[in-house]
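**Student:** First the structure, which I've put down as structure tokens, then a few questions once you've had a look.
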Amino acid sequence: MPAPANKGAAPRIGLVSLGCPKALVDSERIVTRLHAEGYELSASYEGADAVVVNTCGFLNSAKEESLAAIGEALAENGKVIVTGCLGVEADRIRAAHPGVLAITGPHQYEAVIGEVHKAVPRPHDPFLDLVPPQGIRLTPRHYAYLKISEGCNNACSFCIIPALRGRLKSWPIGEVMREAERLVEAGVQELLVISQDTSAYGLDLGYAKSAWRGEEREARFLSLAEALGSLGVWVRLHYVYPYPHVDQVLPLMADGKVLPYLDIPFQHASSSVLKAMRRPAHQEKTLDRIRAWREICPDLAIRSTFIVGFPGETEEDFAALLDWLSEARLARVGCFKYENVDGAKANALPGHVPEEVKEERHARLMLHQQAISAELLAGRIGTEIEIIVDEVDEEGAIARSGWDAPEIDGNVYLNGETRARPGARLRVGIEHADEYDLWGSVVAPSDADRRAELSGA
Ligand code: SF4
């Protein structure tokens with residue numbers, strides 16, 4: 001079906017954003033730029049003059065999903081521009097969907113915008129002042145992803161991201177902090193720091209200094225965490241590797257400057273599997289490190305992801321992983337069954353694990369971890385914690401604790417709490433728990449929230 005004309009009004013662009021939070025940040029940049037030029041965002045295919053599909057190319061299943069999304073956009077609208085990680089496989093996209101208008105790769109904002117201009121000419125008189133200073137965000141108003149770098153210097157054997165996105169490229173700390181400040185001024189209460197390797201921040205810049213608030217700061221993981229921790233909002237660190245220098249941010253967590261939360265994609269615990277995966281920091285004694293972190297910050301929650309059925313993984317390797325989980329007592333765990341990814345070195349490794357064994361290990365790992373999570377959450381019953389409200393409907397509020405990231409971790413349900421507003425930070429007494437979520441009631445606004453309420457913010 002061809003795209004309907006949108007005569008007289010500002011041209012409208014639809015956007016389908018697939019993939020990880022990093023891709024979401026790319027989508028936000030595209031939308032911000034289009035909005036600055038006077039385009040409007042369309043929530044439906046019918047209302048759009050063209051559709052941009054931001055694809056994911058990480059796993060083969062994600063590629064299939066991206067191809068299906070392109071097909072749907074073509075069928076529903078007809079004018080489709082493809083961008084994102086799958087964009088590097090232009091031939092594959094053209095073979096499946098010869099009708100796409102253009103294909104660009106990851107981070108090619110200028111190229112995407114150029115293709116939009118060709119498909120739907122930009123309006124004559126863009127209302128530049130319609131764009132809020134913090135840009136347009138696709139996340140709710142109270143939290144935002146803060147991307148600190150692109151690319152990765154590692155060479156994990158199952159991953160093609162370095163080939164897709166290139167080597168590590170960090171933004172100067174002054175720029176990152178100014179973006180963070182803009183977001184906070186616009187009402188953001190929680191900053192989620194993302195990259196491919198957050199603990200490597202600044203390495204490519206030689207940790208070069210840049211100015212923020214009249215002071216020269218080094219582009220280093222600790223310096224960034226300190227600066228973000230001074231903004232008075234929740235700061236959550238994602239994609240951190242267990243390098244020794246990560247120890248330095250734990251005191252900031254213990255002091256409440258940065259959330260006591262680390263998202264560390266361990267992927268496995270057996271040293272032979274980690275070696276075959278060519279994981280960064282694979283020689284670190286991670287259990288010792290976790291123990292030391294908890295001595296500094298007992299409340300630390302660690303979330304992680306694991307791959308089961310990696311080529312060469314034996315039953316002993318898998319048993320070692322379960323034992324490691326019992327010791328590590330992680331708060332949140334995601335688990336993937338290994339898949340070949342076109343172009344990844346792991347495809348050629350010997351000892352590929354049969355599908356049914358992967359299935360079985362996946363189920364065992366999830367069950368094993370469920371018991372640990374349930375025990376940890378049960379320990380919260382009777383305590384008082386600070387939460388942030390995400391959504392409110394007629395039944396109550398859905399919130400999160402500092403130990404839970406949006407979309408990937410659990411919730412705190414406040415049944416009957418219909419007066420709260422999204423973004424409010426409140427004190428809650430925990431009354432009930434299961435293996436993923438908590439339930440509780442509001443005790444009193446937190447100090448930060450009380451100040452905001454008193455100041456009429
Ligand atoms: S750290 Fe490994 S898995 Fe993560 S992006 Fe870099 S190469 Fe890929």
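Convention: chains lettered A, B, ... in structure tokens order; per-chain residue numbering from 1; ligands numbered from 1 as shown.
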With a distance cut-off of 9 Å and only C-alpha atoms, select the neighbouring residues of segment 49-60 of chain A, excluding the residue or stretch itself and same-chain residues fewer than 6 positions from it, and output the selection as a count of residues only.
**Tutor:** 51
**Student:** Compile the contact shell of segment 238-243 of chain A as an MDAnalysis selection string: residues with an atom at most 8 Å away, counting only C-alpha atoms, same-chain residues fewer than 2 positions apart removed.
**Tutor:** chainID A and resid 192:199 236 245:247 262:266 280:281 284 286 289
**Student:** Please run DSSP on the backbone and report, as a ChimeraX atom specification, all residues within segment 134-343 of chain A that come out as alpha helix (DSSP H).
**Tutor:** /A:161-165,173-185,221-229,250-254,271-277,286-296,315-328
**Student:** Measure the distance from atom CA of Gly416 of chain A to atom CA of Trp439 of chain A in Å and round it to one decimal.
**Tutor:**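 Pair atom CA of Gly416 of chain A / atom CA of Trp439 of chain A returns 11.2 Å.
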